[in-house]
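Raw final.cif, mmCIF, C-alpha atoms:
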data_structure
#
loop_
_atom_site.label_atom_id
_atom_site.label_comp_id
_atom_site.auth_asym_id
_atom_site.auth_seq_id
_atom_site.Cartn_x
_atom_site.Cartn_y
_atom_site.Cartn_z
CA MET P 1 115.37 29.85 -58.07
CA ALA P 2 116.86 26.37 -57.59
CA GLU P 3 115.35 23.12 -58.81
CA ASN P 4 116.72 19.69 -59.73
CA GLY P 5 120.34 20.72 -59.38
CA THR P 6 120.04 23.83 -61.51
CA VAL P 7 119.54 27.49 -60.70
CA ALA P 8 117.30 29.69 -62.85
CA ASP P 9 117.92 33.43 -63.14
CA ILE P 10 114.56 35.18 -62.67
CA THR P 11 115.99 38.70 -62.52
CA ASP P 12 113.98 39.91 -65.50
CA GLY P 13 110.71 38.71 -63.96
CA VAL P 14 110.91 40.48 -60.61
CA ASP P 15 111.96 43.90 -59.40
CA GLY P 16 114.70 42.72 -57.08
CA PHE P 17 114.90 40.41 -54.08
CA THR P 18 112.22 42.20 -52.07
CA ASP P 19 109.73 41.96 -54.93
CA ALA P 20 110.41 38.24 -55.26
CA LEU P 21 109.63 37.70 -51.58
CA GLU P 22 106.46 39.79 -51.70
CA THR P 23 105.34 37.91 -54.81
CA VAL P 24 105.64 34.60 -52.99
CA THR P 25 103.84 35.92 -49.90
CA GLY P 26 101.07 37.28 -52.08
CA GLY P 27 100.34 33.81 -53.38
CA ASP P 28 101.75 34.25 -56.87
CA SER P 29 104.27 31.81 -58.29
CA LEU P 30 107.70 33.06 -59.25
CA PRO P 31 108.32 33.59 -62.96
CA ASP P 32 110.26 31.06 -64.98
CA GLY P 33 113.93 31.86 -65.40
CA ASP P 34 115.54 32.50 -68.74
CA ASP P 35 119.11 31.50 -67.92
CA THR P 36 119.91 28.33 -66.02
CA HIS P 37 123.14 27.35 -64.31
CA ASP P 38 124.45 24.25 -62.62
CA ALA P 39 124.00 24.72 -58.87
CA ASP P 40 127.61 23.63 -58.31
CA ASP P 41 128.80 26.61 -60.38
CA VAL P 42 126.89 29.23 -58.40
CA GLU P 43 128.46 31.37 -55.68
CA TYR P 44 126.00 31.55 -52.79
CA LEU P 45 125.39 34.86 -51.05
CA PRO P 46 123.34 35.39 -47.87
CA PRO P 47 119.65 35.24 -48.92
CA THR P 48 118.85 38.73 -47.69
CA THR P 49 120.06 42.28 -48.44
CA PRO P 50 122.35 44.86 -46.76
CA THR P 51 119.30 46.91 -45.77
CA ASN P 52 117.74 44.04 -43.83
CA THR P 53 118.13 42.95 -40.22
CA VAL P 54 118.70 39.53 -38.71
CA PHE P 55 116.84 38.95 -35.44
CA ALA P 56 118.04 35.93 -33.46
CA ALA P 57 116.33 34.19 -30.56
CA ALA P 58 118.47 33.26 -27.57
CA LEU P 59 117.77 30.41 -25.15
CA ASN P 60 114.69 29.21 -27.02
CA TYR P 61 115.05 25.46 -26.37
CA HIS P 62 114.78 23.98 -22.88
CA SER P 63 117.59 21.56 -23.74
CA HIS P 64 119.97 24.41 -24.56
CA ILE P 65 119.01 26.31 -21.41
CA GLU P 66 119.85 23.21 -19.39
CA GLU P 67 123.24 22.67 -21.05
CA VAL P 68 124.33 26.27 -20.38
CA GLY P 69 123.50 25.75 -16.71
CA LYS P 70 120.65 28.22 -16.51
CA THR P 71 117.44 27.61 -14.60
CA ASP P 72 115.04 25.89 -17.00
CA ARG P 73 112.43 28.59 -17.25
CA GLU P 74 110.45 30.48 -19.83
CA PHE P 75 111.12 34.17 -20.17
CA GLU P 76 108.21 36.58 -20.03
CA TRP P 77 108.79 37.21 -23.74
CA PRO P 78 111.34 35.98 -26.31
CA LEU P 79 114.91 37.13 -25.86
CA LEU P 80 116.12 38.54 -29.20
CA PHE P 81 119.37 40.11 -30.34
CA MET P 82 120.39 41.46 -33.75
CA LYS P 83 123.13 40.60 -36.21
CA THR P 84 124.48 42.89 -38.90
CA TYR P 85 124.52 42.06 -42.59
CA GLY P 86 128.31 42.31 -42.50
CA SER P 87 128.44 39.35 -40.12
CA LEU P 88 126.82 37.06 -42.71
CA VAL P 89 128.35 34.67 -45.22
CA GLY P 90 126.71 32.43 -47.78
CA HIS P 91 126.61 28.67 -48.18
CA GLU P 92 130.03 27.10 -48.86
CA GLN P 93 131.82 30.36 -48.01
CA PRO P 94 134.58 30.37 -45.36
CA ILE P 95 133.78 31.34 -41.78
CA ALA P 96 136.25 34.05 -40.80
CA TYR P 97 138.41 33.37 -37.74
CA HIS P 98 139.48 36.73 -36.31
CA ARG P 99 142.55 35.78 -34.34
CA PRO P 100 143.91 36.90 -31.94
CA ILE P 101 140.68 38.61 -30.85
CA VAL P 102 138.69 35.38 -31.16
CA GLU P 103 140.00 32.37 -29.25
CA ARG P 104 137.02 29.99 -29.11
CA LEU P 105 134.65 29.70 -32.06
CA ASP P 106 131.39 27.77 -31.75
CA TYR P 107 128.49 26.68 -33.99
CA GLU P 108 124.73 27.00 -33.35
CA GLY P 109 122.42 25.46 -35.96
CA GLU P 110 119.00 27.06 -36.40
CA LEU P 111 115.88 27.29 -38.53
CA ALA P 112 115.32 30.84 -39.78
CA ALA P 113 112.20 32.51 -41.17
CA VAL P 114 112.48 35.11 -43.95
CA ILE P 115 109.88 37.87 -43.92
CA GLY P 116 107.98 38.44 -47.17
CA GLU P 117 105.99 41.61 -46.59
CA PRO P 118 105.97 44.45 -44.05
CA ALA P 119 104.74 43.25 -40.66
CA TRP P 120 103.79 45.61 -37.84
CA GLN P 121 102.13 44.37 -34.64
CA VAL P 122 100.76 41.22 -36.24
CA ASP P 123 98.87 38.65 -34.18
CA GLU P 124 100.34 35.20 -33.63
CA ASP P 125 97.58 33.50 -35.60
CA GLU P 126 98.41 35.64 -38.65
CA ALA P 127 102.19 35.91 -38.23
CA LEU P 128 103.15 33.11 -40.61
CA ASP P 129 101.20 34.82 -43.40
CA TYR P 130 104.00 37.41 -43.42
CA VAL P 131 106.72 34.78 -43.91
CA ALA P 132 107.87 34.17 -47.48
CA GLY P 133 109.95 31.11 -46.68
CA TYR P 134 112.63 29.53 -44.55
CA THR P 135 116.37 29.15 -44.60
CA VAL P 136 119.14 27.77 -42.38
CA LEU P 137 121.37 29.88 -40.12
CA ASN P 138 124.50 28.96 -38.18
CA ASP P 139 124.76 31.46 -35.34
CA VAL P 140 128.55 31.16 -34.98
CA THR P 141 129.66 32.63 -31.67
CA ALA P 142 132.99 33.87 -30.33
CA ARG P 143 132.67 32.27 -26.91
CA ASN P 144 135.61 34.08 -25.32
CA LEU P 145 133.91 37.39 -26.14
CA GLN P 146 130.43 36.42 -24.96
CA ARG P 147 130.62 36.68 -21.20
CA LEU P 148 131.97 39.63 -19.24
CA GLU P 149 132.60 39.65 -15.53
CA ALA P 150 130.33 42.15 -13.80
CA GLY P 151 130.91 42.03 -10.10
CA ASP P 152 129.30 38.90 -8.67
CA ASP P 153 127.52 38.14 -11.93
CA ASP P 154 128.18 37.85 -15.66
CA ALA P 155 127.01 40.10 -18.47
CA ILE P 156 126.41 38.91 -22.04
CA ASP P 157 128.13 40.79 -24.86
CA TRP P 158 125.95 39.98 -27.87
CA PHE P 159 127.64 42.60 -30.05
CA SER P 160 131.18 41.26 -29.78
CA SER P 161 130.39 37.57 -29.72
CA LYS P 162 127.79 37.48 -32.50
CA ASN P 163 128.72 40.19 -35.00
CA MET P 164 132.29 39.66 -36.12
CA ALA P 165 132.56 40.12 -39.89
CA ARG P 166 131.85 37.12 -42.14
CA THR P 167 131.19 34.67 -39.32
CA THR P 168 127.48 33.79 -39.62
CA PRO P 169 126.57 31.38 -42.41
CA VAL P 170 123.02 31.58 -43.76
CA GLY P 171 121.40 29.81 -46.72
CA PRO P 172 121.74 28.06 -49.04
CA GLU P 173 118.45 29.58 -50.24
CA VAL P 174 114.95 30.62 -49.18
CA VAL P 175 112.50 27.72 -49.48
CA THR P 176 108.89 28.86 -49.78
CA THR P 177 106.36 28.27 -47.02
CA ASP P 178 104.29 25.99 -49.25
CA GLU P 179 107.29 23.71 -49.75
CA VAL P 180 108.27 23.63 -46.09
CA GLY P 181 104.86 23.24 -44.47
CA ASP P 182 104.70 23.54 -40.68
CA PRO P 183 107.91 25.22 -39.41
CA ASN P 184 107.23 23.84 -35.95
CA ASP P 185 107.43 20.24 -37.17
CA LEU P 186 110.95 20.07 -38.61
CA HIS P 187 114.19 18.40 -37.58
CA VAL P 188 117.44 20.30 -36.99
CA THR P 189 120.76 18.48 -37.26
CA SER P 190 124.27 19.91 -36.96
CA ARG P 191 127.34 17.90 -37.97
CA TYR P 192 130.84 18.91 -36.89
CA ASN P 193 133.43 17.30 -39.19
CA GLY P 194 130.80 14.70 -40.03
CA ASP P 195 129.79 13.88 -36.45
CA VAL P 196 126.23 14.66 -35.37
CA MET P 197 126.28 17.17 -32.52
CA GLN P 198 122.80 18.74 -32.56
CA ASP P 199 119.71 16.63 -33.22
CA GLU P 200 116.32 18.02 -32.19
CA ASP P 201 112.85 18.92 -33.46
CA THR P 202 111.56 22.48 -33.80
CA ASP P 203 108.37 21.57 -31.93
CA LEU P 204 110.53 21.70 -28.79
CA MET P 205 111.12 25.44 -29.12
CA ILE P 206 109.84 27.48 -26.17
CA TYR P 207 108.49 30.22 -28.43
CA ASP P 208 107.47 28.88 -31.84
CA THR P 209 108.04 30.59 -35.17
CA ALA P 210 104.73 32.44 -35.20
CA GLU P 211 105.28 33.75 -31.67
CA LEU P 212 108.75 34.99 -32.59
CA VAL P 213 107.53 36.79 -35.72
CA SER P 214 104.63 38.33 -33.81
CA PHE P 215 106.85 39.46 -30.95
CA ALA P 216 109.49 40.99 -33.23
CA SER P 217 106.77 42.86 -35.11
CA SER P 218 105.51 44.29 -31.81
CA ARG P 219 108.83 46.09 -31.38
CA VAL P 220 109.79 47.03 -34.96
CA GLU P 221 108.12 46.93 -38.36
CA LEU P 222 109.60 43.91 -40.08
CA GLN P 223 110.56 44.34 -43.73
CA PRO P 224 110.74 41.86 -46.63
CA GLY P 225 114.10 40.13 -46.40
CA ASP P 226 114.41 40.42 -42.62
CA VAL P 227 115.51 37.14 -41.07
CA ILE P 228 114.32 35.68 -37.77
CA ALA P 229 116.54 32.89 -36.47
CA THR P 230 114.57 30.72 -34.07
CA GLY P 231 117.28 29.62 -31.64
CA THR P 232 119.54 26.61 -31.25
CA PRO P 233 118.99 23.30 -29.44
CA GLU P 234 121.49 21.54 -27.19
CA GLY P 235 124.75 20.21 -28.56
CA VAL P 236 126.79 23.37 -29.17
CA GLY P 237 130.53 22.92 -28.95
CA GLU P 238 131.14 24.98 -25.81
CA PHE P 239 129.64 22.29 -23.61
CA GLN P 240 131.23 19.35 -25.42
CA ASP P 241 134.83 20.58 -25.22
CA ILE P 242 134.82 21.59 -28.89
CA SER P 243 136.26 24.80 -30.28
CA MET P 244 136.23 25.10 -34.05
CA GLU P 245 139.60 25.44 -35.76
CA GLU P 246 140.74 26.36 -39.24
CA GLY P 247 139.72 23.67 -41.72
CA ASP P 248 136.85 22.33 -39.61
CA THR P 249 133.53 21.89 -41.43
CA ILE P 250 130.11 22.44 -39.93
CA GLU P 251 126.91 21.37 -41.65
CA VAL P 252 123.48 22.45 -40.43
CA GLU P 253 120.53 20.60 -41.93
CA VAL P 254 116.92 21.59 -41.42
CA GLU P 255 114.37 19.10 -42.67
CA GLY P 256 112.61 20.34 -45.79
CA VAL P 257 114.75 23.49 -45.97
CA GLY P 258 118.24 22.31 -46.88
CA THR P 259 121.79 21.84 -45.69
CA LEU P 260 124.11 24.77 -44.97
CA SER P 261 127.77 23.79 -45.18
CA ASN P 262 130.78 25.95 -44.31
CA THR P 263 134.42 25.49 -43.42
CA VAL P 264 136.34 27.62 -40.94
CA GLY P 265 138.81 29.71 -42.91
CA SER P 266 142.27 30.93 -42.11
CA PRO P 267 142.74 34.28 -40.34
CA ASP P 268 143.36 35.88 -43.72
CA GLU P 269 140.03 34.79 -45.23
#
Same coordinates, now as structure tokens:
Amino acid sequence: MAENGTVADITDGVDGFTDALETVTGGDSLPDGDDTHDADDVEYLPPTTPTNTVFAAALNYHSHIEEVGKTDREFEWPLLFMKTYGSLVGHEQPIAYHRPIVERLDYEGELAAVIGEPAWQVDEDEALDYVAGYTVLNDVTARNLQRLEAGDDDAIDWFSSKNMARTTPVGPEVVTTDEVGDPNDLHVTSRYNGDVMQDEDTDLMIYDTAELVSFASSRVELQPGDVIATGTPEGVGEFQDISMEEGDTIEVEVEGVGTLSNTVGSPDE
């Protein structure tokens, strides 16, 4: 639990990460921590667990649909794909660059909701009650692995392009729903080596956070710690002649949630 530049260890007050999320969703405040540490001395891990799933929304902003050259249309339902826990890295951890398999590495800044209690077939008007808080996710993509030629058309390879080990930053932490307020009234900004590349509000999503949570729960029973990334706006590197290289830094800031900062590591990291 982070506050005022320090991190409090609340391990003794909760029965693990899942219990902490369910406590927040149930309306109880988290217990005070016994040990405190300077936030700068803490190693950040992905704010979820190896048993959880990350669900990510594709093409969920009209602006991003337009920049990829697709017809600006709404799908009949949200288009989701999944990312493995092994693909995740924490705040300030290096983004792995798997050369020579990966040739073009791209950023995608997103708001992400973290589920707080089991959710199965929940209605849209109740969906946010199942969210414990929000975090930031950078859906780093191996662009050269994303599209496959399939006759006269292309196929999308979500598995190869989105699930390489240690490539998806998420964090720095989970900020509770009470602190964030309306998730559909936030600003998302991505900075590549200090330059602003993505700059858009979450109210411009095609399917809002509640709709995404409700839809995902109609297909699987969501569990505490599951993450739902809400999609990225325009400004990704692929369409601005940018391919991330070793040593490049990408910061994704979501208003009221925090700033996720990572540097592309060497092939050995």
Picked residues, the PyMOL selection byres ((chain P and resi 84-98) around 6), expected as a PyMOL selection string: chain P and resi 44-46+50+83+99+101-102+163-172+260-265+267+269
Could those residues be written to a file, using C-alpha atoms, as a compact mmCIF listing (two decimals), in the frame of the given file?
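again-v5.txt written:
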# COMPACT_ATOMS: atom_id res chain seq x y z
CA TYR P 44 126.00 31.55 -52.79
CA LEU P 45 125.39 34.86 -51.05
CA PRO P 46 123.34 35.39 -47.87
CA PRO P 50 122.35 44.86 -46.76
CA LYS P 83 123.13 40.60 -36.21
CA ARG P 99 142.55 35.78 -34.34
CA ILE P 101 140.68 38.61 -30.85
CA VAL P 102 138.69 35.38 -31.16
CA ASN P 163 128.72 40.19 -35.00
CA MET P 164 132.29 39.66 -36.12
CA ALA P 165 132.56 40.12 -39.89
CA ARG P 166 131.85 37.12 -42.14
CA THR P 167 131.19 34.67 -39.32
CA THR P 168 127.48 33.79 -39.62
CA PRO P 169 126.57 31.38 -42.41
CA VAL P 170 123.02 31.58 -43.76
CA GLY P 171 121.40 29.81 -46.72
CA PRO P 172 121.74 28.06 -49.04
CA LEU P 260 124.11 24.77 -44.97
CA SER P 261 127.77 23.79 -45.18
CA ASN P 262 130.78 25.95 -44.31
CA THR P 263 134.42 25.49 -43.42
CA VAL P 264 136.34 27.62 -40.94
CA GLY P 265 138.81 29.71 -42.91
CA PRO P 267 142.74 34.28 -40.34
CA GLU P 269 140.03 34.79 -45.23
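Here the question is which of P:Ala56, P:Ala8, P:Val254, P:Leu145 gets nearest to Asn184 (chain P) using only C-alpha atoms, and that residue is P:Val254.
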Protein and nucleic acid residues near (130.3, 15.7, -40.5) (cut-off 12 Å, all atoms listed in the file) as a PyMOL selection string: chain P and resi 189-198+248-253+259-263
Report as a PyMOL selection string the residues that result from applying the PyMOL selection byres ((chain P and resi 113) around 7) to the structure here. chain P and resi 111-112+114-115+131+133-135+227-229
Of the candidates P:Thr202, P:Ser243, P:Thr25, P:Gln223, which shows the shortest atom-to-atom distance to Asp178 (chain P), using all atoms listed in the file?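 Residue with the minimum atom-to-atom distance to Asp178 (chain P): P:Thr25.
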Answer key for the PyMOL selection byres ((chain P and resi 57) around 9), residues as a PyMOL selection string: chain P and resi 55-56+58-60+78-82+212+228-232
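The shortest atom-to-atom distance to Thr49 (chain P), with all atoms listed in the file taken into account, belongs to P:Leu21 out of P:Val122, P:Leu21, P:Val140, P:Val257.
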Between CA of Val14 (chain P) and CA of Val180 (chain P) lies a distance of 22.4 Å
Nearby residues (only C-alpha atoms) at most 12 Å from Thr6 (chain P), same-chain spacing under 5 positions excluded, as an mmCIF file with C-alpha atoms, in the frame of the given file:
data_model
loop_
_atom_site.group_PDB
_atom_site.id
_atom_site.type_symbol
_atom_site.label_atom_id
_atom_site.label_comp_id
_atom_site.auth_asym_id
_atom_site.auth_seq_id
_atom_site.Cartn_x
_atom_site.Cartn_y
_atom_site.Cartn_z
ATOM 1 C CA MET P 1 115.370 29.850 -58.070
ATOM 2 C CA GLY P 33 113.930 31.860 -65.400
ATOM 3 C CA ASP P 35 119.110 31.500 -67.920
ATOM 4 C CA THR P 36 119.910 28.330 -66.020
ATOM 5 C CA HIS P 37 123.140 27.350 -64.310
ATOM 6 C CA ASP P 38 124.450 24.250 -62.620
ATOM 7 C CA ALA P 39 124.000 24.720 -58.870
ATOM 8 C CA ASP P 40 127.610 23.630 -58.310
ATOM 9 C CA ASP P 41 128.800 26.610 -60.380
ATOM 10 C CA VAL P 42 126.890 29.230 -58.400
#
Counting all atoms listed in the file, which residue out of P:Glu173, P:Asp19, P:Asp106, P:Glu124 sits closest to Val7 (chain P)?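 The answer is P:Glu173, which sits nearest to Val7 (chain P).
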Just give me the gap between CA of Pro47 (chain P) and CA of Thr141 (chain P) in Å, one decimal is fine.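 CA of Pro47 (chain P) sits 20.1 Å away from CA of Thr141 (chain P).
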Mind giving me the straight-line distance from CA of Gln240 (chain P) to CA of Tyr107 (chain P) in Å, one decimal?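 According to the coordinates, CA of Gln240 (chain P) and CA of Tyr107 (chain P) are separated by 11.6 Å.
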Could you give me the axis-aligned bounding box of region 79-89 of chain P, with 4 Å of padding per side, as centre plus edge lengths in Å to one decimal, as lines of an AutoDock Vina configuration file?
center_x = 121.7
center_y = 38.8
center_z = -35.5
size_x = 21.5
size_y = 16.2
size_z = 27.4
Shell of 10 Å around Glu211 (chain P), all atoms listed in the file, local chain residues under 5 positions omitted, as a list in words: Trp77, Pro78, Val122, Asp123, Glu124, Asp125, Glu126, Ala127, Leu128, Ile206, Ala216 and Ser217 of chain P
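Using only C-alpha atoms, the smallest distance between any of P:Glu255, P:Asp241, P:Asp9, P:Asp226 and Thr48 (chain P) comes from P:Asp226.
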Subset file: region 198-226 of chain P, N, CA, C and O atoms, as a PDB file, in the first residue's frame:
ATOM      1  N   GLN P 198       0.783   9.571 -27.414  1.00  0.00           N
ATOM      2  CA  GLN P 198      -0.639   9.260 -27.259  1.00  0.00           C
ATOM      3  C   GLN P 198      -1.225  10.242 -26.251  1.00  0.00           C
ATOM      4  O   GLN P 198      -0.616  10.516 -25.206  1.00  0.00           O
ATOM      5  N   ASP P 199      -2.416  10.757 -26.550  1.00  0.00           N
ATOM      6  CA  ASP P 199      -2.975  11.833 -25.736  1.00  0.00           C
ATOM      7  C   ASP P 199      -4.490  11.865 -25.956  1.00  0.00           C
ATOM      8  O   ASP P 199      -4.973  12.557 -26.837  1.00  0.00           O
ATOM      9  N   GLU P 200      -5.234  11.093 -25.155  1.00  0.00           N
ATOM     10  CA  GLU P 200      -6.662  10.966 -25.413  1.00  0.00           C
ATOM     11  C   GLU P 200      -7.416  10.624 -24.130  1.00  0.00           C
ATOM     12  O   GLU P 200      -6.830  10.119 -23.164  1.00  0.00           O
ATOM     13  N   ASP P 201      -8.716  10.885 -24.127  1.00  0.00           N
ATOM     14  CA  ASP P 201      -9.549  10.631 -22.958  1.00  0.00           C
ATOM     15  C   ASP P 201     -10.254   9.284 -23.074  1.00  0.00           C
ATOM     16  O   ASP P 201     -10.641   8.857 -24.168  1.00  0.00           O
ATOM     17  N   THR P 202     -10.465   8.644 -21.923  1.00  0.00           N
ATOM     18  CA  THR P 202     -11.110   7.325 -21.928  1.00  0.00           C
ATOM     19  C   THR P 202     -12.592   7.399 -22.286  1.00  0.00           C
ATOM     20  O   THR P 202     -13.188   6.363 -22.593  1.00  0.00           O
ATOM     21  N   ASP P 203     -13.185   8.589 -22.246  1.00  0.00           N
ATOM     22  CA  ASP P 203     -14.597   8.673 -22.641  1.00  0.00           C
ATOM     23  C   ASP P 203     -14.777   8.488 -24.144  1.00  0.00           C
ATOM     24  O   ASP P 203     -15.911   8.418 -24.640  1.00  0.00           O
ATOM     25  N   LEU P 204     -13.664   8.371 -24.873  1.00  0.00           N
ATOM     26  CA  LEU P 204     -13.726   8.137 -26.307  1.00  0.00           C
ATOM     27  C   LEU P 204     -13.599   6.658 -26.668  1.00  0.00           C
ATOM     28  O   LEU P 204     -13.546   6.302 -27.843  1.00  0.00           O
ATOM     29  N   MET P 205     -13.563   5.794 -25.653  1.00  0.00           N
ATOM     30  CA  MET P 205     -13.572   4.361 -25.928  1.00  0.00           C
ATOM     31  C   MET P 205     -14.893   3.968 -26.582  1.00  0.00           C
ATOM     32  O   MET P 205     -15.944   4.544 -26.277  1.00  0.00           O
ATOM     33  N   ILE P 206     -14.858   2.976 -27.456  1.00  0.00           N
ATOM     34  CA  ILE P 206     -16.082   2.483 -28.086  1.00  0.00           C
ATOM     35  C   ILE P 206     -16.909   1.704 -27.071  1.00  0.00           C
ATOM     36  O   ILE P 206     -18.107   1.940 -26.906  1.00  0.00           O
ATOM     37  N   TYR P 207     -16.272   0.757 -26.398  1.00  0.00           N
ATOM     38  CA  TYR P 207     -16.906   0.031 -25.298  1.00  0.00           C
ATOM     39  C   TYR P 207     -16.250   0.501 -24.006  1.00  0.00           C
ATOM     40  O   TYR P 207     -15.023   0.381 -23.853  1.00  0.00           O
ATOM     41  N   ASP P 208     -17.046   1.044 -23.075  1.00  0.00           N
ATOM     42  CA  ASP P 208     -16.457   1.590 -21.862  1.00  0.00           C
ATOM     43  C   ASP P 208     -16.088   0.475 -20.884  1.00  0.00           C
ATOM     44  O   ASP P 208     -16.303  -0.716 -21.145  1.00  0.00           O
ATOM     45  N   THR P 209     -15.517   0.863 -19.762  1.00  0.00           N
ATOM     46  CA  THR P 209     -14.982  -0.117 -18.818  1.00  0.00           C
ATOM     47  C   THR P 209     -16.053  -1.082 -18.330  1.00  0.00           C
ATOM     48  O   THR P 209     -15.833  -2.303 -18.261  1.00  0.00           O
ATOM     49  N   ALA P 210     -17.213  -0.568 -17.987  1.00  0.00           N
ATOM     50  CA  ALA P 210     -18.289  -1.428 -17.496  1.00  0.00           C
ATOM     51  C   ALA P 210     -18.726  -2.425 -18.563  1.00  0.00           C
ATOM     52  O   ALA P 210     -18.985  -3.604 -18.271  1.00  0.00           O
ATOM     53  N   GLU P 211     -18.811  -1.984 -19.810  1.00  0.00           N
ATOM     54  CA  GLU P 211     -19.208  -2.884 -20.894  1.00  0.00           C
ATOM     55  C   GLU P 211     -18.166  -3.978 -21.103  1.00  0.00           C
ATOM     56  O   GLU P 211     -18.514  -5.137 -21.373  1.00  0.00           O
ATOM     57  N   LEU P 212     -16.888  -3.635 -20.975  1.00  0.00           N
ATOM     58  CA  LEU P 212     -15.839  -4.629 -21.146  1.00  0.00           C
ATOM     59  C   LEU P 212     -15.866  -5.668 -20.036  1.00  0.00           C
ATOM     60  O   LEU P 212     -15.733  -6.876 -20.288  1.00  0.00           O
ATOM     61  N   VAL P 213     -16.037  -5.211 -18.782  1.00  0.00           N
ATOM     62  CA  VAL P 213     -16.106  -6.148 -17.657  1.00  0.00           C
ATOM     63  C   VAL P 213     -17.316  -7.056 -17.808  1.00  0.00           C
ATOM     64  O   VAL P 213     -17.231  -8.280 -17.633  1.00  0.00           O
ATOM     65  N   SER P 214     -18.463  -6.474 -18.154  1.00  0.00           N
ATOM     66  CA  SER P 214     -19.680  -7.263 -18.324  1.00  0.00           C
ATOM     67  C   SER P 214     -19.519  -8.290 -19.436  1.00  0.00           C
ATOM     68  O   SER P 214     -19.877  -9.469 -19.275  1.00  0.00           O
ATOM     69  N   PHE P 215     -18.960  -7.864 -20.563  1.00  0.00           N
ATOM     70  CA  PHE P 215     -18.789  -8.784 -21.679  1.00  0.00           C
ATOM     71  C   PHE P 215     -17.848  -9.929 -21.313  1.00  0.00           C
ATOM     72  O   PHE P 215     -18.148 -11.108 -21.577  1.00  0.00           O
ATOM     73  N   ALA P 216     -16.697  -9.602 -20.717  1.00  0.00           N
ATOM     74  CA  ALA P 216     -15.749 -10.653 -20.348  1.00  0.00           C
ATOM     75  C   ALA P 216     -16.396 -11.662 -19.402  1.00  0.00           C
ATOM     76  O   ALA P 216     -16.192 -12.870 -19.527  1.00  0.00           O
ATOM     77  N   SER P 217     -17.207 -11.149 -18.476  1.00  0.00           N
ATOM     78  CA  SER P 217     -17.859 -12.038 -17.508  1.00  0.00           C
ATOM     79  C   SER P 217     -18.945 -12.886 -18.145  1.00  0.00           C
ATOM     80  O   SER P 217     -19.394 -13.873 -17.556  1.00  0.00           O
ATOM     81  N   SER P 218     -19.386 -12.515 -19.344  1.00  0.00           N
ATOM     82  CA  SER P 218     -20.380 -13.333 -20.044  1.00  0.00           C
ATOM     83  C   SER P 218     -19.741 -14.541 -20.718  1.00  0.00           C
ATOM     84  O   SER P 218     -20.440 -15.471 -21.122  1.00  0.00           O
ATOM     85  N   ARG P 219     -18.426 -14.535 -20.828  1.00  0.00           N
ATOM     86  CA  ARG P 219     -17.703 -15.627 -21.464  1.00  0.00           C
ATOM     87  C   ARG P 219     -16.978 -16.508 -20.448  1.00  0.00           C
ATOM     88  O   ARG P 219     -16.904 -17.723 -20.621  1.00  0.00           O
ATOM     89  N   VAL P 220     -16.395 -15.884 -19.415  1.00  0.00           N
ATOM     90  CA  VAL P 220     -15.678 -16.629 -18.380  1.00  0.00           C
ATOM     91  C   VAL P 220     -16.019 -16.010 -17.028  1.00  0.00           C
ATOM     92  O   VAL P 220     -16.450 -14.855 -16.952  1.00  0.00           O
ATOM     93  N   GLU P 221     -15.832 -16.767 -15.964  1.00  0.00           N
ATOM     94  CA  GLU P 221     -16.008 -16.198 -14.628  1.00  0.00           C
ATOM     95  C   GLU P 221     -14.715 -15.487 -14.235  1.00  0.00           C
ATOM     96  O   GLU P 221     -13.673 -16.128 -14.066  1.00  0.00           O
ATOM     97  N   LEU P 222     -14.791 -14.185 -14.125  1.00  0.00           N
ATOM     98  CA  LEU P 222     -13.619 -13.398 -13.757  1.00  0.00           C
ATOM     99  C   LEU P 222     -13.279 -13.632 -12.296  1.00  0.00           C
ATOM    100  O   LEU P 222     -14.164 -13.781 -11.446  1.00  0.00           O
ATOM    101  N   GLN P 223     -11.975 -13.623 -11.994  1.00  0.00           N
ATOM    102  CA  GLN P 223     -11.502 -13.888 -10.646  1.00  0.00           C
ATOM    103  C   GLN P 223     -10.758 -12.676 -10.097  1.00  0.00           C
ATOM    104  O   GLN P 223     -10.202 -11.887 -10.863  1.00  0.00           O
ATOM    105  N   PRO P 224     -10.734 -12.512  -8.776  1.00  0.00           N
ATOM    106  CA  PRO P 224      -9.970 -11.408  -8.185  1.00  0.00           C
ATOM    107  C   PRO P 224      -8.519 -11.433  -8.671  1.00  0.00           C
ATOM    108  O   PRO P 224      -7.865 -12.476  -8.642  1.00  0.00           O
ATOM    109  N   GLY P 225      -8.054 -10.305  -9.139  1.00  0.00           N
ATOM    110  CA  GLY P 225      -6.709 -10.217  -9.693  1.00  0.00           C
ATOM    111  C   GLY P 225      -6.666 -10.259 -11.197  1.00  0.00           C
ATOM    112  O   GLY P 225      -5.646  -9.905 -11.803  1.00  0.00           O
ATOM    113  N   ASP P 226      -7.746 -10.709 -11.859  1.00  0.00           N
ATOM    114  CA  ASP P 226      -7.791 -10.641 -13.312  1.00  0.00           C
ATOM    115  C   ASP P 226      -7.733  -9.181 -13.758  1.00  0.00           C
ATOM    116  O   ASP P 226      -8.263  -8.286 -13.088  1.00  0.00           O
TER     117      ASP P 226
END
